[in-house]
file start.txt (compact mmCIF, C-alpha atoms)
# COMPACT_ATOMS: atom_id res chain seq x y z
CA THR H 1 41.52 -12.72 -86.57
CA GLY H 2 43.25 -10.20 -88.82
CA LEU H 3 44.25 -6.56 -88.58
CA PRO H 4 42.34 -3.82 -86.76
CA LYS H 5 40.04 -1.76 -88.94
CA GLY H 6 39.24 1.92 -88.74
CA VAL H 7 36.00 3.51 -89.90
CA ALA H 8 35.63 7.25 -90.52
CA VAL H 9 32.33 8.53 -89.14
CA GLU H 10 30.93 12.01 -89.76
CA HIS H 11 29.79 14.05 -86.76
CA GLY H 12 26.25 14.59 -88.06
CA PRO H 13 25.23 10.92 -88.34
CA LEU H 14 27.09 10.21 -85.07
CA THR H 15 25.07 12.76 -83.13
CA HIS H 16 21.84 11.53 -84.75
CA HIS H 17 22.71 8.01 -83.61
CA CYS H 18 23.43 9.15 -80.07
CA GLN H 19 20.22 11.16 -79.89
CA SER H 20 18.17 8.21 -81.17
CA THR H 21 19.89 5.88 -78.72
CA ALA H 22 19.19 8.23 -75.82
CA ARG H 23 15.47 8.17 -76.70
CA ILE H 24 15.33 4.38 -77.02
CA TYR H 25 17.24 3.88 -73.78
CA GLU H 26 15.08 6.57 -72.10
CA MET H 27 18.13 8.28 -70.69
CA SER H 28 18.25 11.61 -68.85
CA GLU H 29 20.34 13.65 -66.42
CA GLU H 30 19.47 11.01 -63.81
CA SER H 31 21.27 8.27 -65.75
CA ARG H 32 24.30 6.77 -64.02
CA GLU H 33 25.88 4.22 -66.31
CA LEU H 34 28.58 1.64 -65.75
CA PRO H 35 30.08 1.41 -69.29
CA PHE H 36 31.86 -1.94 -69.06
CA LEU H 37 32.24 -2.37 -72.83
CA PRO H 38 35.87 -1.75 -73.86
CA PHE H 39 36.67 1.78 -75.00
CA SER H 40 38.52 0.27 -77.97
CA SER H 41 35.12 -0.71 -79.43
CA ASP H 42 32.54 1.53 -81.09
CA GLY H 43 29.88 0.26 -78.68
CA GLY H 44 32.12 1.25 -75.80
CA HIS H 45 32.23 4.83 -77.10
CA GLU H 46 28.46 4.92 -77.46
CA ARG H 47 27.95 3.95 -73.85
CA TRP H 48 29.95 6.88 -72.45
CA MET H 49 28.93 9.45 -75.05
CA VAL H 50 25.18 9.04 -74.62
CA PRO H 51 24.97 9.38 -70.81
CA LEU H 52 27.16 12.48 -70.84
CA MET H 53 25.26 13.98 -73.79
CA VAL H 54 22.00 13.97 -71.81
CA GLY H 55 23.61 15.35 -68.65
CA GLY H 56 24.02 12.02 -66.87
CA SER H 57 27.17 10.45 -65.48
CA ILE H 58 29.35 7.40 -65.95
CA ILE H 59 31.18 5.13 -63.51
CA LEU H 60 34.70 4.36 -64.69
CA PRO H 61 36.27 1.03 -63.63
CA ASP H 62 39.58 1.55 -61.84
CA GLN H 63 41.20 -1.53 -63.41
CA ALA H 64 41.08 -3.47 -66.66
CA LEU H 65 38.59 -6.10 -65.50
CA TRP H 66 36.53 -6.34 -62.34
CA THR H 67 35.36 -9.64 -60.98
CA PRO H 68 31.57 -10.13 -60.97
CA GLU H 69 31.62 -9.49 -57.21
CA GLU H 70 33.49 -6.20 -57.69
CA THR H 71 31.13 -5.15 -60.50
CA LEU H 72 28.00 -5.65 -58.41
CA ALA H 73 29.66 -3.88 -55.47
CA ALA H 74 30.50 -0.89 -57.67
CA MET H 75 26.92 -0.73 -58.94
CA ARG H 76 25.67 -0.52 -55.36
CA ALA H 77 28.35 1.89 -54.15
CA HIS H 78 27.87 4.36 -57.01
CA ASP H 79 24.08 4.00 -57.43
CA ALA H 80 24.29 2.78 -61.03
CA ASN H 81 20.98 2.54 -62.84
CA ASN H 82 22.28 1.53 -66.29
CA ALA H 83 25.01 -0.96 -67.18
CA SER H 84 26.45 -1.92 -70.57
CA ILE H 85 28.28 -5.23 -70.37
CA PRO H 86 29.63 -7.71 -72.96
CA THR H 87 27.32 -10.71 -73.40
CA THR H 88 29.81 -13.31 -72.16
CA TYR H 89 30.57 -11.28 -69.04
CA MET H 90 26.84 -10.71 -68.48
CA GLN H 91 26.47 -14.46 -68.12
CA GLN H 92 29.30 -14.59 -65.57
CA LEU H 93 27.75 -11.68 -63.70
CA ALA H 94 24.35 -13.38 -63.67
CA GLU H 95 25.85 -16.67 -62.47
CA TRP H 96 27.52 -14.92 -59.54
CA ALA H 97 24.38 -12.93 -58.74
CA ASP H 98 22.34 -16.14 -58.86
CA ILE H 99 24.58 -17.66 -56.19
CA SER H 100 25.12 -14.58 -54.03
CA GLY H 101 21.84 -12.70 -54.45
CA GLU H 102 23.84 -9.46 -54.39
CA ALA H 103 22.63 -7.80 -57.61
CA PRO H 104 21.14 -4.34 -57.01
CA PRO H 105 18.05 -3.35 -59.02
CA LEU H 106 18.94 -1.42 -62.18
CA ARG H 107 16.77 0.41 -64.66
CA LEU H 108 18.49 -1.12 -67.69
CA TYR H 109 21.13 -3.63 -68.78
CA SER H 110 22.44 -3.49 -72.34
CA PHE H 111 24.68 -6.06 -73.99
CA GLY H 112 25.49 -7.41 -77.45
CA GLY H 113 28.07 -8.53 -79.95
CA GLU H 114 27.44 -12.24 -79.35
CA GLY H 115 24.55 -14.67 -79.60
CA LEU H 116 22.42 -14.94 -76.46
CA SER H 117 20.51 -18.17 -75.82
CA GLN H 118 17.11 -18.37 -74.13
CA THR H 119 18.72 -20.26 -71.24
CA THR H 120 21.22 -17.46 -70.62
CA PHE H 121 18.55 -14.80 -71.13
CA SER H 122 16.35 -16.51 -68.55
CA LEU H 123 19.29 -16.55 -66.13
CA LEU H 124 19.78 -12.81 -66.65
CA THR H 125 16.16 -12.01 -65.97
CA ARG H 126 16.13 -14.19 -62.85
CA SER H 127 19.38 -12.99 -61.32
CA LEU H 128 19.85 -9.38 -62.45
CA PRO H 129 16.75 -7.34 -61.58
CA ALA H 130 16.10 -4.62 -64.15
CA LYS H 131 13.24 -2.76 -65.77
CA TRP H 132 14.58 -3.18 -69.31
CA LEU H 133 17.04 -5.39 -71.20
CA ILE H 134 18.57 -4.36 -74.54
CA ASN H 135 20.41 -6.63 -76.96
CA GLY H 136 22.39 -4.54 -79.45
CA TYR H 137 23.84 -5.49 -82.81
CA GLY H 138 25.67 -3.96 -85.73
CA PRO H 139 28.90 -3.55 -87.68
CA THR H 140 31.08 -0.51 -87.07
CA GLU H 141 30.48 0.74 -90.62
CA THR H 142 26.89 1.57 -89.69
CA ILE H 143 27.92 3.62 -86.62
CA MET H 144 28.01 1.73 -83.36
CA THR H 145 24.70 -0.09 -82.73
CA PRO H 146 22.25 0.27 -85.64
CA MET H 147 19.83 -2.35 -84.27
CA VAL H 148 18.49 -3.04 -80.78
CA TRP H 149 16.01 -5.44 -79.18
CA LYS H 150 14.48 -3.75 -76.13
CA VAL H 151 12.31 -5.96 -73.93
CA ARG H 152 11.09 -6.52 -70.42
CA PRO H 153 12.81 -9.22 -68.35
CA GLY H 154 11.23 -12.64 -68.75
CA THR H 155 10.46 -12.21 -72.46
CA GLN H 156 10.39 -15.47 -74.41
CA PHE H 157 11.61 -15.74 -78.00
CA GLU H 158 11.77 -18.35 -80.74
CA GLY H 159 14.99 -19.62 -82.24
CA THR H 160 18.42 -20.40 -80.88
CA TYR H 161 19.49 -16.85 -80.05
CA ALA H 162 17.83 -13.64 -78.88
CA PRO H 163 16.56 -11.33 -81.66
CA ILE H 164 18.61 -8.32 -82.71
CA GLY H 165 15.55 -6.11 -82.96
CA ARG H 166 14.79 -3.08 -85.06
CA ALA H 167 16.69 -0.25 -86.73
CA VAL H 168 17.83 2.71 -84.63
CA GLY H 169 17.30 6.22 -85.97
CA ARG H 170 17.70 6.98 -89.67
CA ARG H 171 18.52 3.49 -90.81
CA ARG H 172 16.74 0.79 -92.81
CA VAL H 173 16.96 -2.97 -92.35
CA TYR H 174 16.17 -5.51 -95.08
CA VAL H 175 16.21 -9.31 -95.29
CA LEU H 176 16.92 -10.18 -98.92
CA ASP H 177 17.18 -13.37 -100.98
CA PRO H 178 20.13 -14.15 -103.33
CA ASP H 179 18.44 -12.08 -106.07
CA MET H 180 18.19 -9.07 -103.74
CA ASN H 181 14.43 -9.41 -103.36
CA PRO H 182 12.74 -8.99 -99.95
CA CYS H 183 12.17 -12.31 -98.19
CA PRO H 184 8.68 -13.14 -96.89
CA ILE H 185 8.26 -13.21 -93.12
CA GLY H 186 9.74 -16.41 -91.72
CA VAL H 187 12.00 -17.07 -94.71
CA THR H 188 15.78 -17.05 -94.15
CA GLY H 189 17.79 -14.46 -96.04
CA GLU H 190 20.73 -12.10 -95.76
CA LEU H 191 20.57 -8.99 -93.57
CA TYR H 192 21.21 -5.67 -95.32
CA LEU H 193 21.52 -2.33 -93.56
CA GLY H 194 21.05 1.02 -95.26
CA GLY H 195 20.23 4.63 -94.57
CA GLU H 196 22.01 7.86 -93.79
CA ALA H 197 24.46 6.45 -91.24
CA LEU H 198 25.74 3.72 -93.58
CA ARG H 199 26.39 6.11 -96.47
CA ALA H 200 28.18 8.60 -94.22
CA ALA H 201 30.34 5.97 -92.57
CA MET H 202 31.37 4.40 -95.85
CA SER H 203 31.96 7.64 -97.74
CA ASP H 204 35.31 8.34 -96.03
CA VAL H 205 36.68 4.81 -96.20
CA PRO H 206 39.43 4.52 -98.87

call {"tool": "encode", "arguments": {"input": "start.txt", "output": "structure tokens"}}
result
Amino acid sequence: TGLPKGVAVEHGPLTHHCQSTARIYEMSEESRELPFLPFSSDGGHERWMVPLMVGGSIILPDQALWTPEETLAAMRAHDANNASIPTTYMQQLAEWADISGEAPPLRLYSFGGEGLSQTTFSLLTRSLPAKWLINGYGPTETIMTPMVWKVRPGTQFEGTYAPIGRAVGRRRVYVLDPDMNPCPIGVTGELYLGGEALRAAMSDVP
């Protein structure tokens, strides 16, 4: 799929993003997060930075990849209340929890980076008890996760995949036609992201 890319991000927009994310995720010193996203990804960095920034804690896996059974056991053993998990692995986790009934109640699950169907979303809400679910989206150049869809379990949506939500923090989101005009609601167009974070991230890229 090509060569790895690096994106230079200024500290100011990064801290604004983390502060905005902490508010949206409703995180505090009581947060105990299992950050299962890989640390090689920008989303993985977000999910350890934010809990620690608000005085919470993180649960570090002791190996490269836990089985779904080991993941649920770790959540119970360490009293996790938040978990950030790749979408594909979320499905595997939900399938195991659906069979075993071993999923502990969490305050929040976050996931993203891949399309999530209504069927899979329904499985998550049935098998992984949580107060909130967050689907995150965004390219690295806009600093980690510039858009999130935060909903209660059981939410229904139209279309093939779950929505990617609204802009986080000091960002703007536009759906434009080929002439760069805003599309009416319900009309397909291209997604454009702007705002402070985008300009800062791109300014240091050669």

call {"tool": "residues_around", "arguments": {"input": "start.txt", "residues": "segment 173-180 of chain H", "least_positions_apart": "6", "cutoff": "12 Å", "atoms": "all atoms listed in the file", "output": "ChimeraX atom specification"}}
result
/H:138,142,146-148,164-167,186-195,198

call {"tool": "atom_distance", "arguments": {"input": "start.txt", "atom1": "atom CA of Pro182 of chain H", "atom2": "atom CA of Arg170 of chain H"}}
result
19.6 Å

call {"tool": "residues_around", "arguments": {"input": "start.txt", "residues": "Leu123 of chain H", "least_positions_apart": "3", "cutoff": "9 Å", "atoms": "only C-alpha atoms", "output": "MDAnalysis selection string"}}
result
chainID H and resid 91 94:95 98 118:120 126:128

call {"tool": "write_last_selection", "arguments": {"input": "start.txt", "atoms": "C-alpha atoms", "output": "mmCIF file, in the coordinates of the input"}}
result
data_model
loop_
_atom_site.group_PDB
_atom_site.id
_atom_site.type_symbol
_atom_site.label_atom_id
_atom_site.label_comp_id
_atom_site.auth_asym_id
_atom_site.auth_seq_id
_atom_site.Cartn_x
_atom_site.Cartn_y
_atom_site.Cartn_z
ATOM 1 C CA GLN H 91 26.470 -14.460 -68.120
ATOM 2 C CA ALA H 94 24.350 -13.380 -63.670
ATOM 3 C CA GLU H 95 25.850 -16.670 -62.470
ATOM 4 C CA ASP H 98 22.340 -16.140 -58.860
ATOM 5 C CA GLN H 118 17.110 -18.370 -74.130
ATOM 6 C CA THR H 119 18.720 -20.260 -71.240
ATOM 7 C CA THR H 120 21.220 -17.460 -70.620
ATOM 8 C CA ARG H 126 16.130 -14.190 -62.850
ATOM 9 C CA SER H 127 19.380 -12.990 -61.320
ATOM 10 C CA LEU H 128 19.850 -9.380 -62.450
#

call {"tool": "residues_near_point", "arguments": {"input": "start.txt", "point": "(24.1, 3.5, -66.6)", "cutoff": "8 Å", "atoms": "only C-alpha atoms", "output": "PDB file with C-alpha atoms, in the frame of the given file"}}
result
ATOM      1  CA  SER H  31      21.270   8.270 -65.750  1.00  0.00           C
ATOM      2  CA  ARG H  32      24.300   6.770 -64.020  1.00  0.00           C
ATOM      3  CA  GLU H  33      25.880   4.220 -66.310  1.00  0.00           C
ATOM      4  CA  LEU H  34      28.580   1.640 -65.750  1.00  0.00           C
ATOM      5  CA  PRO H  35      30.080   1.410 -69.290  1.00  0.00           C
ATOM      6  CA  PRO H  51      24.970   9.380 -70.810  1.00  0.00           C
ATOM      7  CA  SER H  57      27.170  10.450 -65.480  1.00  0.00           C
ATOM      8  CA  ILE H  58      29.350   7.400 -65.950  1.00  0.00           C
ATOM      9  CA  ILE H  59      31.180   5.130 -63.510  1.00  0.00           C
ATOM     10  CA  ALA H  80      24.290   2.780 -61.030  1.00  0.00           C
ATOM     11  CA  ASN H  81      20.980   2.540 -62.840  1.00  0.00           C
ATOM     12  CA  ASN H  82      22.280   1.530 -66.290  1.00  0.00           C
ATOM     13  CA  ALA H  83      25.010  -0.960 -67.180  1.00  0.00           C
ATOM     14  CA  SER H  84      26.450  -1.920 -70.570  1.00  0.00           C
ATOM     15  CA  LEU H 108      18.490  -1.120 -67.690  1.00  0.00           C
TER      16      LEU H 108
END

call {"tool": "atom_distance", "arguments": {"input": "start.txt", "atom1": "atom CA of Glu114 of chain H", "atom2": "atom CA of Thr87 of chain H"}}
result
6.1 Å

call {"tool": "atom_distance", "arguments": {"input": "start.txt", "atom1": "atom CA of Gly112 of chain H", "atom2": "atom CA of Gly136 of chain H"}}
result
4.7 Å

call {"tool": "axis_aligned_box", "arguments": {"input": "start.txt", "around": "segment 119-135 of chain H", "padding_each_side": "5 Å", "output": "AutoDock Vina command-line options"}}
result
--center_x 17.2 --center_y -11.5 --center_z -69.1 --size_x 18.0 --size_y 27.5 --size_z 25.6

call {"tool": "decode", "arguments": {"input": "start.txt", "residues": "segment 44-64 of chain H", "atoms": "N, CA, C and O atoms", "output": "mmCIF file, in the first residue's frame"}}
result
data_model
loop_
_atom_site.group_PDB
_atom_site.id
_atom_site.type_symbol
_atom_site.label_atom_id
_atom_site.label_comp_id
_atom_site.auth_asym_id
_atom_site.auth_seq_id
_atom_site.Cartn_x
_atom_site.Cartn_y
_atom_site.Cartn_z
ATOM 1 N N GLY H 44 -4.086 5.895 17.826
ATOM 2 C CA GLY H 44 -3.533 5.201 18.978
ATOM 3 C C GLY H 44 -2.900 6.164 19.968
ATOM 4 O O GLY H 44 -3.027 6.000 21.190
ATOM 5 N N HIS H 45 -2.222 7.191 19.464
ATOM 6 C CA HIS H 45 -1.638 8.205 20.344
ATOM 7 C C HIS H 45 -2.723 8.994 21.065
ATOM 8 O O HIS H 45 -2.597 9.286 22.257
ATOM 9 N N GLU H 46 -3.782 9.340 20.336
ATOM 10 C CA GLU H 46 -4.879 10.077 20.961
ATOM 11 C C GLU H 46 -5.428 9.341 22.168
ATOM 12 O O GLU H 46 -5.697 9.928 23.212
ATOM 13 N N ARG H 47 -5.577 8.023 22.021
ATOM 14 C CA ARG H 47 -6.268 7.269 23.058
ATOM 15 C C ARG H 47 -5.429 6.993 24.300
ATOM 16 O O ARG H 47 -5.962 6.484 25.286
ATOM 17 N N TRP H 48 -4.123 7.288 24.278
ATOM 18 C CA TRP H 48 -3.385 7.277 25.550
ATOM 19 C C TRP H 48 -3.124 8.683 26.052
ATOM 20 O O TRP H 48 -3.038 8.919 27.256
ATOM 21 N N MET H 49 -3.008 9.645 25.134
ATOM 22 C CA MET H 49 -2.769 11.023 25.561
ATOM 23 C C MET H 49 -3.947 11.592 26.347
ATOM 24 O O MET H 49 -3.769 12.194 27.404
ATOM 25 N N VAL H 50 -5.157 11.403 25.829
ATOM 26 C CA VAL H 50 -6.321 12.053 26.418
ATOM 27 C C VAL H 50 -6.610 11.542 27.843
ATOM 28 O O VAL H 50 -6.817 12.348 28.750
ATOM 29 N N PRO H 51 -6.641 10.223 28.080
ATOM 30 C CA PRO H 51 -6.891 9.782 29.458
ATOM 31 C C PRO H 51 -5.862 10.322 30.452
ATOM 32 O O PRO H 51 -6.218 10.756 31.553
ATOM 33 N N LEU H 52 -4.590 10.301 30.075
ATOM 34 C CA LEU H 52 -3.557 10.776 30.986
ATOM 35 C C LEU H 52 -3.644 12.283 31.184
ATOM 36 O O LEU H 52 -3.366 12.800 32.272
ATOM 37 N N MET H 53 -4.041 13.014 30.147
ATOM 38 C CA MET H 53 -4.147 14.466 30.233
ATOM 39 C C MET H 53 -5.178 14.901 31.274
ATOM 40 O O MET H 53 -5.006 15.921 31.942
ATOM 41 N N VAL H 54 -6.251 14.120 31.427
ATOM 42 C CA VAL H 54 -7.309 14.490 32.373
ATOM 43 C C VAL H 54 -7.131 13.822 33.733
ATOM 44 O O VAL H 54 -8.014 13.894 34.585
ATOM 45 N N GLY H 55 -5.979 13.159 33.924
ATOM 46 C CA GLY H 55 -5.710 12.531 35.215
ATOM 47 C C GLY H 55 -6.204 11.116 35.344
ATOM 48 O O GLY H 55 -6.192 10.545 36.439
ATOM 49 N N GLY H 56 -6.646 10.513 34.223
ATOM 50 C CA GLY H 56 -7.100 9.136 34.241
ATOM 51 C C GLY H 56 -5.946 8.161 34.069
ATOM 52 O O GLY H 56 -4.779 8.517 34.266
ATOM 53 N N SER H 57 -6.251 6.943 33.694
ATOM 54 C CA SER H 57 -5.216 5.925 33.544
ATOM 55 C C SER H 57 -5.493 5.082 32.309
ATOM 56 O O SER H 57 -6.583 5.103 31.749
ATOM 57 N N ILE H 58 -4.464 4.356 31.884
ATOM 58 C CA ILE H 58 -4.601 3.467 30.738
ATOM 59 C C ILE H 58 -4.158 2.068 31.129
ATOM 60 O O ILE H 58 -3.383 1.880 32.071
ATOM 61 N N ILE H 59 -4.674 1.091 30.393
ATOM 62 C CA ILE H 59 -4.358 -0.320 30.626
ATOM 63 C C ILE H 59 -3.565 -0.798 29.425
ATOM 64 O O ILE H 59 -4.087 -0.866 28.310
ATOM 65 N N LEU H 60 -2.295 -1.099 29.615
ATOM 66 C CA LEU H 60 -1.430 -1.475 28.506
ATOM 67 C C LEU H 60 -1.449 -2.983 28.281
ATOM 68 O O LEU H 60 -1.173 -3.751 29.207
ATOM 69 N N PRO H 61 -1.772 -3.437 27.069
ATOM 70 C CA PRO H 61 -1.685 -4.875 26.765
ATOM 71 C C PRO H 61 -0.253 -5.366 26.952
ATOM 72 O O PRO H 61 0.707 -4.653 26.666
ATOM 73 N N ASP H 62 -0.120 -6.591 27.432
ATOM 74 C CA ASP H 62 1.208 -7.144 27.679
ATOM 75 C C ASP H 62 1.723 -7.989 26.525
ATOM 76 O O ASP H 62 2.733 -8.668 26.660
ATOM 77 N N GLN H 63 1.012 -7.954 25.384
ATOM 78 C CA GLN H 63 1.474 -8.642 24.187
ATOM 79 C C GLN H 63 0.873 -7.943 22.979
ATOM 80 O O GLN H 63 0.020 -7.069 23.110
ATOM 81 N N ALA H 64 1.347 -8.309 21.789
ATOM 82 C CA ALA H 64 0.961 -7.582 20.581
ATOM 83 C C ALA H 64 -0.541 -7.652 20.308
ATOM 84 O O ALA H 64 -1.145 -6.663 19.884
#
